[in-house]
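Dumped start_1.txt below, it's compact mmCIF, C-alpha atoms and all ligand atoms:
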```
# COMPACT_ATOMS: atom_id res chain seq x y z
CA MET A 1 -4.93 19.96 -5.60
CA ASP A 2 -5.99 16.30 -5.47
CA VAL A 3 -6.58 14.88 -8.92
CA PHE A 4 -7.47 11.55 -10.44
CA LEU A 5 -5.59 10.75 -13.65
CA LEU A 6 -6.74 8.22 -16.23
CA ASN A 7 -4.90 8.25 -19.51
CA ASP A 8 -4.91 11.96 -20.30
CA VAL A 9 -8.12 12.74 -18.45
CA CYS A 10 -7.64 14.64 -15.23
CA LEU A 11 -10.53 14.87 -12.74
CA LYS A 12 -10.55 16.84 -9.52
CA TYR A 13 -11.49 14.64 -6.55
CA ALA A 14 -13.97 17.36 -5.63
CA ASP A 15 -15.82 16.78 -8.93
CA ILE A 16 -16.45 13.06 -8.24
CA PRO A 17 -19.59 12.54 -6.08
CA ASN A 18 -18.83 11.10 -2.60
CA PHE A 19 -15.10 10.90 -3.30
CA PRO A 20 -13.14 11.44 -0.04
CA ARG A 21 -10.61 14.27 0.41
CA SER A 22 -6.96 13.59 1.05
CA THR A 23 -5.50 15.33 4.10
CA VAL A 24 -2.03 13.77 4.45
CA HIS A 25 0.73 15.61 2.67
CA GLY A 26 3.27 13.66 0.61
CA HIS A 27 1.53 10.70 -1.05
CA PRO A 28 1.89 11.03 -4.79
CA CYS A 29 1.47 7.81 -6.80
CA VAL A 30 1.11 6.71 -10.42
CA CYS A 31 -2.61 7.10 -11.14
CA MET A 32 -3.96 8.86 -8.10
CA GLN A 33 -2.20 11.72 -6.45
CA GLY A 34 -3.40 11.94 -2.85
CA ARG A 35 -4.33 8.91 -0.79
CA PHE A 36 -6.89 8.27 1.96
CA HIS A 37 -6.15 6.65 5.31
CA LEU A 38 -8.37 5.11 7.95
CA VAL A 39 -7.49 7.93 10.28
CA THR A 40 -8.93 10.58 7.94
CA THR A 41 -12.43 9.08 7.96
CA CYS A 42 -14.82 7.62 10.52
CA ALA A 43 -12.65 4.48 10.46
CA CYS A 44 -15.11 2.51 8.35
CA GLY A 45 -12.72 1.81 5.47
CA PHE A 46 -15.51 2.07 2.88
CA GLN A 47 -14.86 5.65 1.91
CA ILE A 48 -11.07 5.39 1.68
CA THR A 49 -11.38 2.45 -0.70
CA LEU A 50 -13.98 4.02 -2.98
CA PRO A 51 -11.27 4.80 -5.56
CA MET A 52 -10.82 1.04 -6.12
CA ARG A 53 -14.46 0.75 -7.13
CA VAL A 54 -14.11 3.77 -9.38
CA PHE A 55 -11.10 2.04 -11.00
CA LYS A 56 -13.18 -1.11 -11.49
CA LEU A 57 -16.00 0.82 -13.15
CA LEU A 58 -13.46 2.49 -15.43
CA GLY A 59 -12.30 -0.93 -16.62
CA VAL A 60 -9.06 -1.20 -14.65
CA GLU A 61 -7.84 -4.82 -14.37
CA THR A 62 -4.61 -4.47 -12.42
CA VAL A 63 -3.89 -2.20 -9.46
CA PHE A 64 -0.41 -1.13 -8.37
CA LEU A 65 -0.10 0.30 -4.87
CA THR A 66 2.85 1.76 -3.03
CA ASN A 67 3.30 2.80 0.56
CA ALA A 68 5.86 3.88 3.11
CA ALA A 69 6.26 1.54 6.06
CA GLY A 70 8.27 0.98 9.18
CA GLY A 71 10.34 -2.18 9.42
CA PRO A 72 10.06 -4.41 12.49
CA GLN A 73 11.87 -7.16 10.57
CA PRO A 74 15.59 -6.83 11.50
CA GLY A 75 16.62 -7.96 8.01
CA LEU A 76 15.01 -4.86 6.47
CA GLN A 77 17.00 -1.63 6.10
CA VAL A 78 15.77 1.92 5.59
CA GLY A 79 15.53 2.38 1.82
CA ASP A 80 14.69 -1.26 1.10
CA VAL A 81 11.80 -1.91 -1.25
CA MET A 82 9.60 -4.77 -0.06
CA VAL A 83 7.34 -6.58 -2.51
CA ILE A 84 4.26 -7.36 -0.45
CA LYS A 85 3.40 -11.06 -0.55
CA ASP A 86 0.66 -10.97 2.08
CA HIS A 87 -0.91 -8.68 4.66
CA ILE A 88 -2.23 -8.66 8.21
CA ASN A 89 -5.30 -6.45 8.49
CA MET A 90 -5.03 -5.62 12.17
CA PRO A 91 -8.11 -3.33 12.25
CA GLY A 92 -9.99 -6.21 10.64
CA PHE A 93 -9.58 -8.22 13.84
CA ALA A 94 -11.77 -5.62 15.51
CA GLY A 95 -14.36 -5.76 12.74
CA ASN A 96 -12.93 -2.91 10.69
CA ASN A 97 -13.06 -4.43 7.23
CA PRO A 98 -13.88 -2.20 4.25
CA LEU A 99 -16.35 -4.84 3.06
CA ALA A 100 -18.31 -4.81 6.33
CA GLY A 101 -21.97 -3.93 5.90
CA PRO A 102 -24.29 -4.94 3.08
CA ASN A 103 -22.44 -6.63 0.22
CA ASP A 104 -22.67 -4.94 -3.17
CA GLU A 105 -23.04 -7.97 -5.44
CA ARG A 106 -22.29 -5.82 -8.49
CA PHE A 107 -18.65 -5.80 -7.38
CA GLY A 108 -18.11 -9.21 -5.83
CA VAL A 109 -19.17 -12.01 -3.53
CA ARG A 110 -20.02 -11.70 0.15
CA PHE A 111 -17.04 -13.75 1.35
CA PRO A 112 -14.06 -13.12 -0.96
CA CYS A 113 -10.89 -15.21 -0.74
CA MET A 114 -7.76 -13.31 0.36
CA SER A 115 -5.15 -16.09 0.32
CA ASP A 116 -4.21 -15.01 -3.22
CA ALA A 117 -4.47 -11.25 -2.61
CA TYR A 118 -1.02 -10.32 -3.98
CA ASP A 119 -0.59 -11.61 -7.51
CA ARG A 120 2.18 -14.20 -7.70
CA GLU A 121 3.14 -13.43 -11.33
CA LEU A 122 3.37 -9.71 -10.70
CA ARG A 123 5.55 -10.32 -7.65
CA GLN A 124 7.88 -12.43 -9.75
CA LEU A 125 7.86 -9.78 -12.49
CA ALA A 126 8.89 -7.16 -9.90
CA LEU A 127 11.83 -9.26 -8.73
CA ASP A 128 12.89 -10.01 -12.33
CA VAL A 129 12.71 -6.35 -13.35
CA ALA A 130 14.54 -5.32 -10.17
CA ALA A 131 17.34 -7.77 -11.01
CA GLU A 132 17.60 -6.36 -14.56
CA LEU A 133 17.80 -2.83 -13.18
CA GLY A 134 20.49 -3.78 -10.66
CA TYR A 135 18.23 -3.18 -7.65
CA CYS A 136 18.72 -6.60 -5.97
CA GLU A 137 20.62 -5.21 -3.02
CA PHE A 138 17.58 -3.31 -1.76
CA MET A 139 14.75 -5.59 -2.96
CA GLN A 140 12.96 -7.76 -0.40
CA GLU A 141 9.69 -9.65 -0.14
CA GLY A 142 7.53 -9.80 2.97
CA VAL A 143 4.33 -9.36 4.94
CA TYR A 144 2.77 -5.92 5.45
CA CYS A 145 0.70 -5.19 8.53
CA VAL A 146 -1.79 -2.32 8.51
CA LEU A 147 -2.68 -0.42 11.67
CA GLY A 148 -5.14 2.42 12.08
CA GLY A 149 -2.60 5.14 12.91
CA PRO A 150 -2.03 8.05 13.09
CA SER A 151 0.31 7.42 16.02
CA PHE A 152 3.38 5.35 15.24
CA GLU A 153 3.85 2.13 17.20
CA THR A 154 5.13 1.69 20.73
CA ILE A 155 8.13 -0.55 21.27
CA ALA A 156 5.91 -3.29 22.71
CA GLU A 157 3.61 -3.06 19.68
CA CYS A 158 6.57 -3.36 17.27
CA ARG A 159 7.83 -6.41 19.12
CA MET A 160 4.38 -7.99 19.07
CA LEU A 161 3.91 -7.29 15.34
CA HIS A 162 7.27 -8.81 14.55
CA SER A 163 6.47 -11.96 16.52
CA LEU A 164 3.12 -12.18 14.68
CA GLY A 165 4.91 -12.32 11.33
CA ALA A 166 4.81 -8.69 10.20
CA ASP A 167 7.88 -7.58 8.26
CA ALA A 168 6.63 -4.05 7.60
CA VAL A 169 4.01 -1.92 9.32
CA GLY A 170 2.00 0.94 7.87
CA MET A 171 -1.35 2.70 7.68
CA SER A 172 -2.73 1.93 4.23
CA THR A 173 -2.85 -0.49 1.28
CA ALA A 174 -4.47 -3.57 2.85
CA HIS A 175 -7.96 -2.04 2.77
CA GLU A 176 -7.51 -0.99 -0.83
CA VAL A 177 -6.30 -4.48 -1.74
CA ILE A 178 -9.29 -6.12 -0.01
CA VAL A 179 -11.73 -4.02 -2.02
CA ALA A 180 -9.79 -4.41 -5.28
CA ARG A 181 -9.63 -8.20 -4.86
CA HIS A 182 -13.33 -8.31 -3.98
CA ALA A 183 -13.95 -6.64 -7.34
CA GLY A 184 -11.68 -9.13 -9.13
CA MET A 185 -8.75 -6.82 -9.90
CA ARG A 186 -5.20 -8.13 -9.71
CA CYS A 187 -3.09 -6.46 -7.06
CA PHE A 188 0.56 -5.66 -6.77
CA ALA A 189 1.96 -3.64 -3.88
CA LEU A 190 5.32 -2.37 -2.69
CA SER A 191 6.43 -0.99 0.67
CA LEU A 192 9.30 1.43 0.84
CA ILE A 193 10.91 0.84 4.23
CA SER A 194 11.11 4.45 5.30
CA ASN A 195 12.15 3.98 8.91
CA ARG A 196 13.21 1.24 11.30
CA ALA A 197 10.55 0.18 13.76
CA VAL A 198 11.95 0.87 17.23
CA MET A 199 12.29 -2.47 19.04
CA ASP A 200 14.75 -1.64 21.78
CA TYR A 201 14.06 0.32 24.98
CA ASP A 202 17.61 1.73 24.91
CA SER A 203 17.20 3.11 21.39
CA GLN A 204 17.15 6.86 20.80
CA GLU A 205 15.42 6.43 17.40
CA LYS A 206 12.00 7.99 16.96
CA ALA A 207 9.67 7.33 14.01
CA ASN A 208 8.64 10.57 12.32
CA HIS A 209 6.91 11.66 9.15
CA GLU A 210 9.86 13.80 7.96
CA GLU A 211 12.09 10.71 7.79
CA VAL A 212 9.33 8.89 5.91
CA LEU A 213 9.14 11.68 3.32
CA GLU A 214 12.93 11.96 3.04
CA THR A 215 13.38 8.21 2.39
CA GLY A 216 10.65 8.50 -0.22
CA ARG A 217 12.50 11.32 -1.97
CA GLN A 218 15.75 9.31 -1.96
CA ARG A 219 14.21 6.21 -3.56
CA ALA A 220 11.66 7.99 -5.78
CA GLU A 221 13.60 7.69 -9.01
CA GLN A 222 14.32 3.97 -8.63
CA LEU A 223 10.76 3.20 -7.56
CA GLU A 224 9.42 5.08 -10.55
CA LYS A 225 11.76 3.17 -12.86
CA LEU A 226 10.78 -0.17 -11.34
CA VAL A 227 7.03 0.46 -11.58
CA SER A 228 7.13 2.06 -15.04
CA THR A 229 9.23 -0.81 -16.40
CA MET A 230 6.77 -3.32 -14.95
CA VAL A 231 3.81 -1.45 -16.42
CA ALA A 232 5.48 -1.24 -19.84
CA ARG A 233 6.21 -5.00 -19.71
CA LEU A 234 2.59 -5.71 -18.78
CA GLU A 235 1.30 -3.51 -21.60
CA ARG A 236 3.59 -5.28 -24.07
CA ASN A 237 2.20 -8.62 -22.88
CA ASN A 238 -1.40 -7.44 -23.01
CA ASN A 239 -1.71 -7.43 -19.22
CA SER A 240 -0.82 -11.09 -18.90
CA PHE A 241 2.00 -12.61 -16.86
O1 LIG A 301 0.09 6.16 2.42
P1 LIG A 301 1.23 5.50 3.10
O2 LIG A 301 0.82 4.23 3.78
O3 LIG A 301 2.42 5.37 2.22
O4 LIG A 301 1.71 6.54 4.24
C1 LIG A 301 2.25 6.22 5.50
C2 LIG A 301 1.17 6.37 6.52
C3 LIG A 301 1.21 7.84 6.90
O5 LIG A 301 0.46 8.65 6.06
C4 LIG A 301 2.64 8.19 6.70
C5 LIG A 301 3.35 8.17 8.00
O6 LIG A 301 4.59 8.79 7.88
O7 LIG A 301 3.22 7.19 5.85
N1 LIG A 302 2.25 2.47 11.28
C1 LIG A 302 3.34 2.95 10.67
N2 LIG A 302 3.20 3.56 9.49
C2 LIG A 302 4.32 4.01 8.90
N3 LIG A 302 4.46 4.63 7.72
C3 LIG A 302 5.77 4.88 7.55
N4 LIG A 302 6.48 4.42 8.59
C4 LIG A 302 5.58 3.87 9.45
C5 LIG A 302 5.71 3.22 10.71
O1 LIG A 302 6.79 3.06 11.28
N5 LIG A 302 4.54 2.78 11.26
```
Mind converting the file's structure to structure tokens?
Amino acid sequence: MDVFLLNDVCLKYADIPNFPRSTVHGHPCVCMQGRFHLVTTCACGFQITLPMRVFKLLGVETVFLTNAAGGPQPGLQVGDVMVIKDHINMPGFAGNNPLAGPNDERFGVRFPCMSDAYDRELRQLALDVAAELGYCEFMQEGVYCVLGGPSFETIAECRMLHSLGADAVGMSTAHEVIVARHAGMRCFALSLISNRAVMDYDSQEKANHEEVLETGRQRAEQLEKLVSTMVARLERNNNSF
């Protein structure tokens, strides 16, 4: 069952008016269990990002997001955790931006800045906490590129994305960040590199969801420790860093 957790209050998604339904298995996260992807809606991005606006109305100031992603960057290994420093919203190039349509001024301005989308202090906090926990060997920082999915990339697409500056490629997060930033919330996001992007025509590797889930299971404990330590540090500092 998909539920929305805030403090000790647990709401069923089905009980929140207009809230979308999650259809992809295997996306638990800290506050929301069950995520929405472009591919599960009419590709407008508005509905899948509605939870960000619900967070805003509930008084949330900082959003943590996690995802699984493929790695076109040769320096990234399966199991690496990449702190996202920037994104490429590929569907946005075709007009698919979750803020398209009439602007709701109650949340933010018509033309929000995105050059500061991923909070610099929170990124540094993540790297500091990772160093304290002894996670340096699998911590990275890089650029996340979102695609519409649900098909994984072709070899030519992976090569193109790499040459465009994408370190990791996935199907989520950027739209949520755009809406959260529009509403003035700070954003922090991590990609777990769950599979290598196939870049070589001689390769026998094939991206598949089972590998994505398996890598997630293997890193779950460390990711939970990293995020919970960061959240505890933020709480201790009254949400400032
Ligand atoms: O929600 P995220 O971006 O972590 O999930 C990605 C996209 C697909 O749902 C799935 C593909 O294996 O992983
Ligand atoms: N688009 C995309 N999404 C992913 N999610 C997890 N791995 C991948 C991948 O290789 N490509």
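In this model, the gap between atom CA of Pro98 of chain A and atom CA of Phe46 of chain A comes to 4.8 Å.
Closest to Ala68 of chain A among A:Phe188, A:Phe241, A:Phe93, A:Tyr144 is A:Tyr144, based on all atoms listed in the file.
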Output the neighbourhood of ligand LIG 301 (chain A) as a compact mmCIF listing (two decimals) with C-alpha atoms, keeping the file's coordinate frame, that is, all protein and nucleic acid residues with some atom at most 10 Å from the ligand, counting only C-alpha atoms and all ligand atoms.
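Now in pocket_8.txt:
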```txt
# COMPACT_ATOMS: atom_id res chain seq x y z
CA THR A 23 -5.50 15.33 4.10
CA VAL A 24 -2.03 13.77 4.45
CA HIS A 25 0.73 15.61 2.67
CA GLY A 26 3.27 13.66 0.61
CA HIS A 27 1.53 10.70 -1.05
CA PRO A 28 1.89 11.03 -4.79
CA CYS A 29 1.47 7.81 -6.80
CA GLY A 34 -3.40 11.94 -2.85
CA ARG A 35 -4.33 8.91 -0.79
CA PHE A 36 -6.89 8.27 1.96
CA HIS A 37 -6.15 6.65 5.31
CA LEU A 38 -8.37 5.11 7.95
CA VAL A 39 -7.49 7.93 10.28
CA THR A 40 -8.93 10.58 7.94
CA LEU A 65 -0.10 0.30 -4.87
CA THR A 66 2.85 1.76 -3.03
CA ASN A 67 3.30 2.80 0.56
CA ALA A 68 5.86 3.88 3.11
CA ALA A 69 6.26 1.54 6.06
CA GLY A 70 8.27 0.98 9.18
CA VAL A 146 -1.79 -2.32 8.51
CA LEU A 147 -2.68 -0.42 11.67
CA GLY A 148 -5.14 2.42 12.08
CA GLY A 149 -2.60 5.14 12.91
CA PRO A 150 -2.03 8.05 13.09
CA SER A 151 0.31 7.42 16.02
CA PHE A 152 3.38 5.35 15.24
CA VAL A 169 4.01 -1.92 9.32
CA GLY A 170 2.00 0.94 7.87
CA MET A 171 -1.35 2.70 7.68
CA SER A 172 -2.73 1.93 4.23
CA THR A 173 -2.85 -0.49 1.28
CA ALA A 174 -4.47 -3.57 2.85
CA LEU A 190 5.32 -2.37 -2.69
CA SER A 191 6.43 -0.99 0.67
CA LEU A 192 9.30 1.43 0.84
CA ILE A 193 10.91 0.84 4.23
CA SER A 194 11.11 4.45 5.30
CA ASN A 195 12.15 3.98 8.91
CA ALA A 207 9.67 7.33 14.01
CA ASN A 208 8.64 10.57 12.32
CA HIS A 209 6.91 11.66 9.15
CA GLU A 210 9.86 13.80 7.96
CA GLU A 211 12.09 10.71 7.79
CA VAL A 212 9.33 8.89 5.91
CA LEU A 213 9.14 11.68 3.32
CA GLY A 216 10.65 8.50 -0.22
```
Check: Hey, can you check how far atom CA of His175 of chain A sits from atom CA of Arg219 of chain A?
Finding: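 Spanning atom CA of His175 of chain A to atom CA of Arg219 of chain A is a straight-line distance of 24.5 Å.
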Next item on the list: Quote the spacing between atom CA of Asn97 of chain A and atom CA of Ile48 of chain A in Å to one decimal place.
Entry: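 Here the two named atoms are 11.5 Å from each other.
Proximity of A:Ile178, A:Leu57, A:Met32, A:Leu76 to Gly45 of chain A, computed with all atoms listed in the file, is greatest for A:Ile178.
Residue nearest ligand LIG 302 (chain A), chosen from A:Lys206, A:Pro17, A:Ser240, A:Asp104 and counting only C-alpha atoms and all ligand atoms: A:Lys206.
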Margin query: Here is a test: counting only C-alpha atoms, which residue of A:Thr154, A:Asn89, A:Thr49, A:Asn239 is nearest to Arg186 of chain A?
Written below: A:Asn239
Notebook entry, point to check: Which residue out of A:Cys136, A:Ala94, A:Ala197, A:Cys10 has the minimum interatomic distance to Pro74 of chain A when all atoms listed in the file are used?
Noted result: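 The shortest atom-to-atom distance to Pro74 of chain A comes from A:Ala197.
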Let me have the centre and edge lengths in Å, one decimal, of the box along x, y and z around every listed atom of segment 130-149 of chain A with 5 Å of margin on each side, as JSON.
```
{"center_x": 7.7, "center_y": -2.3, "center_z": -0.8, "size_x": 35.8, "size_y": 24.9, "size_z": 37.5}
```
Checklist line | Best match for closeness to ligand LIG 302 (chain A) among A:Glu137, A:Glu214, A:Glu61, A:Glu176, counting all atoms listed in the file | finding: A:Glu214
Next item on the list: Pick out the residues sitting within 10 Å of Asp200 of chain A, and hand them over as a list in words; count only C-alpha atoms, and ignore anything fewer than 3 positions along from it in its own chain.
Entry: Ile155, Ala156, Cys158, Arg159, Ala197, Ser203, Gln204 and Glu205 of chain A
Margin query: Applying 12 Å and only C-alpha atoms, which residues near Cys187 of chain A remain after dropping the ones on its own chain fewer than 5 positions away? List them as a ChimeraX atom specification.
Written below: /A:52,60-66,83-86,114,116-123,173-182
Next item on the list: Write out as an MDAnalysis selection string which residues come within 9 Å of Phe138 of chain A when counting all atoms listed in the file, dropping same-chain ones fewer than 6 positions away.
Entry: chainID A and resid 76:77 79:82
